[in-house]
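With mmCIF, C-alpha atoms inside, this is run-v6.cif:
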```cif
data_run
loop_
_atom_site.label_atom_id
_atom_site.label_comp_id
_atom_site.auth_asym_id
_atom_site.auth_seq_id
_atom_site.Cartn_x
_atom_site.Cartn_y
_atom_site.Cartn_z
CA MET A 1 19.70 -13.15 1.35
CA SER A 2 20.46 -10.64 -1.37
CA ASN A 3 22.59 -7.58 -0.76
CA HIS A 4 20.91 -5.76 -3.61
CA GLN A 5 19.05 -2.50 -3.06
CA HIS A 6 15.82 -1.45 -4.76
CA PHE A 7 14.16 1.95 -5.09
CA LEU A 8 10.93 3.53 -6.29
CA ILE A 9 11.15 7.03 -7.66
CA HIS A 10 8.63 9.51 -9.01
CA LYS A 11 10.73 10.78 -11.90
CA PRO A 12 10.00 14.46 -12.38
CA TYR A 13 9.60 16.17 -15.74
CA GLY A 14 12.95 17.24 -17.23
CA TYR A 15 15.15 14.44 -15.83
CA LEU A 16 16.85 11.70 -17.83
CA SER A 17 16.33 8.09 -16.61
CA GLN A 18 20.07 7.62 -16.18
CA PHE A 19 23.06 8.48 -14.04
CA ILE A 20 25.67 9.26 -16.70
CA TYR A 21 25.17 11.41 -19.79
CA GLU A 22 28.10 11.33 -22.20
CA LEU A 23 27.14 14.28 -24.39
CA LYS A 24 28.33 17.72 -23.38
CA ARG A 25 24.91 19.30 -22.91
CA LYS A 26 23.87 19.86 -19.30
CA LYS A 27 21.06 17.47 -18.35
CA LYS A 28 19.32 16.64 -15.07
CA LEU A 29 20.21 13.10 -14.01
CA LEU A 30 18.70 10.76 -11.40
CA GLY A 31 21.75 11.00 -9.14
CA ALA A 32 20.78 14.62 -8.37
CA LEU A 33 17.63 13.39 -6.59
CA TYR A 34 19.14 10.93 -4.09
CA ASP A 35 22.43 9.42 -2.95
CA PHE A 36 22.03 6.06 -4.71
CA PRO A 37 24.53 3.24 -4.06
CA GLN A 38 27.19 2.39 -6.62
CA GLY A 39 25.84 0.21 -9.44
CA THR A 40 22.24 1.43 -9.25
CA MET A 41 20.45 1.26 -12.60
CA ALA A 42 17.04 2.34 -13.84
CA ILE A 43 14.77 -0.53 -14.89
CA GLY A 44 13.45 0.63 -18.22
CA ARG A 45 13.23 4.28 -19.13
CA LEU A 46 10.97 7.27 -19.04
CA ASP A 47 11.76 10.01 -21.55
CA GLU A 48 13.06 13.35 -20.32
CA ASP A 49 9.61 14.90 -20.81
CA SER A 50 7.74 11.98 -19.18
CA GLU A 51 7.04 11.59 -15.49
CA GLY A 52 6.06 8.98 -12.98
CA LEU A 53 7.05 5.63 -11.54
CA LEU A 54 10.55 4.44 -12.23
CA LEU A 55 12.09 1.40 -10.53
CA LEU A 56 15.79 1.34 -9.76
CA THR A 57 17.93 -1.57 -8.58
CA THR A 58 21.47 -2.79 -8.12
CA ASP A 59 20.31 -6.23 -9.39
CA GLY A 60 20.70 -6.69 -13.16
CA MET A 61 18.62 -9.91 -13.15
CA MET A 62 15.68 -7.99 -11.64
CA SER A 63 16.03 -5.40 -14.39
CA GLU A 64 15.68 -8.09 -17.09
CA MET A 65 12.59 -9.59 -15.45
CA VAL A 66 10.74 -6.28 -15.09
CA ARG A 67 11.46 -5.24 -18.68
CA SER A 68 9.98 -8.50 -20.02
CA LYS A 69 6.67 -8.62 -21.87
CA LYS A 70 5.07 -10.33 -18.86
CA VAL A 71 4.98 -7.08 -16.85
CA ASP A 72 2.32 -4.47 -17.56
CA LYS A 73 3.12 -0.76 -17.44
CA GLU A 74 0.20 1.66 -16.97
CA TYR A 75 0.26 5.31 -17.99
CA HIS A 76 -2.08 8.25 -17.50
CA VAL A 77 -1.88 10.43 -20.59
CA GLN A 78 -3.11 13.97 -21.18
CA VAL A 79 -3.82 14.54 -24.86
CA ASP A 80 -4.62 17.49 -27.07
CA GLY A 81 -8.38 17.55 -27.72
CA ILE A 82 -11.27 15.51 -26.37
CA ILE A 83 -10.36 11.92 -27.17
CA THR A 84 -13.08 9.81 -28.74
CA GLN A 85 -14.12 6.25 -27.98
CA GLU A 86 -13.24 5.46 -31.61
CA ALA A 87 -9.63 6.55 -30.99
CA ILE A 88 -9.55 4.44 -27.79
CA GLU A 89 -10.71 1.37 -29.74
CA LYS A 90 -7.94 1.92 -32.31
CA LEU A 91 -5.35 2.16 -29.52
CA LYS A 92 -6.63 -1.08 -27.97
CA ALA A 93 -6.46 -2.94 -31.29
CA GLY A 94 -2.91 -1.76 -32.07
CA VAL A 95 -1.79 1.11 -34.27
CA GLU A 96 1.01 1.55 -36.77
CA ILE A 97 3.91 3.69 -35.55
CA GLY A 98 7.42 4.36 -36.79
CA PHE A 99 10.21 2.56 -34.95
CA ASN A 100 13.88 2.47 -36.01
CA GLY A 101 12.94 3.79 -39.43
CA LYS A 102 10.41 1.01 -40.03
CA LYS A 103 6.65 0.65 -39.61
CA TYR A 104 5.64 -1.21 -36.47
CA THR A 105 2.15 -2.24 -35.34
CA THR A 106 1.76 -2.06 -31.57
CA ARG A 107 0.43 -5.05 -29.68
CA LYS A 108 -3.12 -5.06 -28.35
CA CYS A 109 -3.34 -3.10 -25.12
CA GLN A 110 -5.81 -1.78 -22.59
CA ALA A 111 -7.00 1.82 -22.97
CA ALA A 112 -9.86 3.86 -21.53
CA ILE A 113 -10.95 7.46 -21.14
CA LEU A 114 -10.40 8.89 -17.64
CA ASN A 115 -13.47 10.79 -16.50
CA SER A 116 -11.63 12.74 -13.82
CA ILE A 117 -8.33 14.58 -14.01
CA PRO A 118 -5.58 12.72 -12.10
CA GLU A 119 -4.02 14.66 -9.23
CA PHE A 120 -0.34 14.77 -10.07
CA GLY A 121 0.26 18.40 -9.15
CA GLU A 122 1.74 20.96 -11.48
CA ARG A 123 4.39 19.82 -13.91
CA GLY A 124 7.82 21.45 -13.77
CA LYS A 125 7.09 23.25 -17.04
CA LYS A 126 3.62 24.52 -17.90
CA ILE A 127 2.09 22.41 -20.62
CA ARG A 128 0.26 25.16 -22.42
CA ASP A 129 -2.40 27.79 -22.01
CA ASP A 130 -6.06 26.70 -21.82
CA ARG A 131 -6.82 29.06 -24.70
CA HIS A 132 -5.25 26.50 -27.04
CA GLY A 133 -8.35 24.31 -26.69
CA PRO A 134 -9.54 21.42 -24.57
CA THR A 135 -7.50 18.47 -23.37
CA SER A 136 -8.51 15.08 -22.03
CA TRP A 137 -6.96 12.21 -20.08
CA LEU A 138 -6.80 8.51 -20.80
CA THR A 139 -5.18 5.44 -19.32
CA ILE A 140 -3.07 3.06 -21.41
CA THR A 141 -1.62 -0.24 -20.18
CA LEU A 142 1.11 -1.86 -22.29
CA ASN A 143 3.46 -4.79 -21.88
CA GLU A 144 5.92 -3.53 -24.47
CA GLY A 145 7.91 -0.32 -24.52
CA LYS A 146 9.29 0.85 -27.83
CA PHE A 147 10.98 4.27 -27.95
CA ARG A 148 8.38 6.97 -27.18
CA GLN A 149 5.67 4.41 -27.91
CA VAL A 150 2.74 5.95 -26.00
CA ARG A 151 3.37 9.36 -27.57
CA LYS A 152 3.56 7.82 -31.04
CA MET A 153 0.37 5.83 -30.41
CA THR A 154 -1.76 8.80 -29.35
CA SER A 155 -0.44 10.84 -32.28
CA ALA A 156 -1.31 7.98 -34.65
CA VAL A 157 -4.99 8.28 -33.62
CA GLY A 158 -4.97 12.09 -33.89
CA PHE A 159 -4.51 13.10 -30.24
CA PRO A 160 -0.92 14.18 -29.51
CA THR A 161 0.35 13.57 -25.97
CA LEU A 162 0.81 16.67 -23.82
CA ARG A 163 1.69 14.98 -20.53
CA LEU A 164 2.65 11.38 -19.79
CA VAL A 165 2.81 9.89 -16.28
CA ARG A 166 3.56 6.21 -15.57
CA ILE A 167 1.47 5.15 -12.59
CA ARG A 168 2.14 1.40 -12.41
CA VAL A 169 4.74 -1.26 -13.19
CA GLY A 170 3.35 -4.75 -12.54
CA ASN A 171 1.91 -4.68 -9.01
CA ILE A 172 3.82 -1.56 -7.97
CA TYR A 173 1.91 1.73 -8.02
CA LEU A 174 3.06 5.35 -7.95
CA ASN A 175 0.38 6.06 -5.32
CA ASN A 176 1.17 9.26 -3.41
CA LEU A 177 4.89 9.41 -4.18
CA GLN A 178 5.58 13.06 -5.02
CA ALA A 179 7.66 14.25 -7.97
CA GLY A 180 11.34 13.82 -7.13
CA GLU A 181 10.63 11.58 -4.12
CA VAL A 182 12.64 8.36 -3.73
CA ARG A 183 11.65 5.42 -1.53
CA GLU A 184 13.90 2.44 -0.82
CA VAL A 185 12.03 -0.90 -0.76
CA ILE A 186 13.14 -4.28 0.52
CA ASP A 187 12.08 -6.16 -2.60
CA PHE A 188 9.97 -5.71 -5.72
CA GLN A 189 6.77 -7.76 -5.70
CA ILE A 190 6.15 -7.49 -9.44
#
```
Mind converting the file's structure to structure tokens?
Amino acid sequence: MSNHQHFLIHKPYGYLSQFIYELKRKKKLLGALYDFPQGTMAIGRLDEDSEGLLLLTTDGMMSEMVRSKKVDKEYHVQVDGIITQEAIEKLKAGVEIGFNGKKYTTRKCQAAILNSIPEFGERGKKIRDDRHGPTSWLTITLNEGKFRQVRKMTSAVGFPTLRLVRIRVGNIYLNNLQAGEVREVIDFQI
């Protein structure tokens, strides 16, 4: 029987996926949302301006397993403009992005246009005014996670990301977890 603890969190916009921030600037950290036990770590990351499902654990081995290429991560992405099927096909095939100062071609992935707007509630900071033109939503499922990869991918096909929400990691779904909500779970069934 393991003494490790595991948590699901709906990371809100504006929070870093970490507990300690060494630089002097004031940042919102995960520890402000819940009284996590000593040694809790985020499994993977969501950027400060990204939202959604984040898994946390006190078990470093679990962290390695979830971050592996075997585990899919699914995102709902709001983009600037009405995304085309042509752009979706390019995303699925893999696009060239910059990573660590080099060109990198993303692996094949799943992508599709969402016909209805997901119900995530208002974001902490308004995205922009509707007068700036139309937006659309898509779903992207990856099993890799380079730095800001989804944002770089949508930009590469001409549709910059406005809002990014991770809804699934493996078999674990965000479901109705509200922004900032934390739920302790017995075990991760990835």
Picked residues, the PyMOL selection byres ((chain A and resi 86-100) around 8), expected as a VMD selection string: chain A and resid 83 to 85 101 to 113 146 to 147 149 152 to 154 156 to 158
How would the residues just picked look written out with C-alpha atoms as a CSV table (one decimal), in the coordinates of the input?
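Contents of the output file result-v6.csv:
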```csv
chain,number,residue,atom,x,y,z
A,83,ILE,CA,-10.4,11.9,-27.2
A,84,THR,CA,-13.1,9.8,-28.7
A,85,GLN,CA,-14.1,6.2,-28.0
A,101,GLY,CA,12.9,3.8,-39.4
A,102,LYS,CA,10.4,1.0,-40.0
A,103,LYS,CA,6.6,0.6,-39.6
A,104,TYR,CA,5.6,-1.2,-36.5
A,105,THR,CA,2.2,-2.2,-35.3
A,106,THR,CA,1.8,-2.1,-31.6
A,107,ARG,CA,0.4,-5.0,-29.7
A,108,LYS,CA,-3.1,-5.1,-28.4
A,109,CYS,CA,-3.3,-3.1,-25.1
A,110,GLN,CA,-5.8,-1.8,-22.6
A,111,ALA,CA,-7.0,1.8,-23.0
A,112,ALA,CA,-9.9,3.9,-21.5
A,113,ILE,CA,-11.0,7.5,-21.1
A,146,LYS,CA,9.3,0.8,-27.8
A,147,PHE,CA,11.0,4.3,-28.0
A,149,GLN,CA,5.7,4.4,-27.9
A,152,LYS,CA,3.6,7.8,-31.0
A,153,MET,CA,0.4,5.8,-30.4
A,154,THR,CA,-1.8,8.8,-29.4
A,156,ALA,CA,-1.3,8.0,-34.6
A,157,VAL,CA,-5.0,8.3,-33.6
A,158,GLY,CA,-5.0,12.1,-33.9
```
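Between Leu56 in chain A and the residues A:Val165, A:Ile43, A:Ile117, A:Ile20, the shortest atom-to-atom distance, using only C-alpha atoms, involves A:Ile43.
Residue nearest Gly133 in chain A, chosen from A:Phe120, A:Asn171, A:Ile82, A:Phe159 and counting all atoms listed in the file: A:Ile82.
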Non-local contacts of His6 in chain A (6 Å; all atoms listed in the file; under 4 positions in same chain excluded) as a list in words: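 After dropping sequence-adjacent residues, the list is Leu56, Thr57, Glu184 and Val185 of chain A.
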Nearest to Val79 in chain A by atom-to-atom distance, counting only C-alpha atoms, from A:His4, A:Arg168, A:Arg163, A:Lys11: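 So, comparing all the options, the nearest one is A:Arg163.
In this model, the gap between CA of Ser155 in chain A and CA of Gly170 in chain A comes to 25.4 Å.
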Neighbour residues at most 12 Å from (-8.5, 11.1, -10.4) (only C-alpha atoms) as a PyMOL selection string: chain A and resi 76+113-121+137-139+167+175
Residue members of the PyMOL selection byres ((chain A and resi 24-29) around 12) in the file shown, as a list in words: Lys11, Pro12, Tyr13, Gly14, Tyr15, Leu16, Ser17, Gln18, Phe19, Ile20, Tyr21, Glu22, Leu23, Leu30, Gly31, Ala32, Leu33, Tyr34, Asp35, Phe36, Met41, Ala42, Asp47, Glu48, Asp49 and Gly180 of chain A
Writing out the chosen residues with C-alpha atoms as a PDB file, in the coordinates of the input:
```
ATOM      1  CA  LYS A  11      10.730  10.780 -11.900  1.00  0.00           C
ATOM      2  CA  PRO A  12      10.000  14.460 -12.380  1.00  0.00           C
ATOM      3  CA  TYR A  13       9.600  16.170 -15.740  1.00  0.00           C
ATOM      4  CA  GLY A  14      12.950  17.240 -17.230  1.00  0.00           C
ATOM      5  CA  TYR A  15      15.150  14.440 -15.830  1.00  0.00           C
ATOM      6  CA  LEU A  16      16.850  11.700 -17.830  1.00  0.00           C
ATOM      7  CA  SER A  17      16.330   8.090 -16.610  1.00  0.00           C
ATOM      8  CA  GLN A  18      20.070   7.620 -16.180  1.00  0.00           C
ATOM      9  CA  PHE A  19      23.060   8.480 -14.040  1.00  0.00           C
ATOM     10  CA  ILE A  20      25.670   9.260 -16.700  1.00  0.00           C
ATOM     11  CA  TYR A  21      25.170  11.410 -19.790  1.00  0.00           C
ATOM     12  CA  GLU A  22      28.100  11.330 -22.200  1.00  0.00           C
ATOM     13  CA  LEU A  23      27.140  14.280 -24.390  1.00  0.00           C
ATOM     14  CA  LEU A  30      18.700  10.760 -11.400  1.00  0.00           C
ATOM     15  CA  GLY A  31      21.750  11.000  -9.140  1.00  0.00           C
ATOM     16  CA  ALA A  32      20.780  14.620  -8.370  1.00  0.00           C
ATOM     17  CA  LEU A  33      17.630  13.390  -6.590  1.00  0.00           C
ATOM     18  CA  TYR A  34      19.140  10.930  -4.090  1.00  0.00           C
ATOM     19  CA  ASP A  35      22.430   9.420  -2.950  1.00  0.00           C
ATOM     20  CA  PHE A  36      22.030   6.060  -4.710  1.00  0.00           C
ATOM     21  CA  MET A  41      20.450   1.260 -12.600  1.00  0.00           C
ATOM     22  CA  ALA A  42      17.040   2.340 -13.840  1.00  0.00           C
ATOM     23  CA  ASP A  47      11.760  10.010 -21.550  1.00  0.00           C
ATOM     24  CA  GLU A  48      13.060  13.350 -20.320  1.00  0.00           C
ATOM     25  CA  ASP A  49       9.610  14.900 -20.810  1.00  0.00           C
ATOM     26  CA  GLY A 180      11.340  13.820  -7.130  1.00  0.00           C
TER      27      GLY A 180
END
```
Nearest-residue call for Lys69 in chain A, choices A:Arg183, A:Asn3, A:Glu144, A:Asn176, using all atoms listed in the file: A:Glu144
Nearest to Phe188 in chain A by atom-to-atom distance, counting only C-alpha atoms, from A:Pro160, A:Gln5, A:Val150, A:Ser136: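 Closest residue, counting only C-alpha atoms: A:Gln5.
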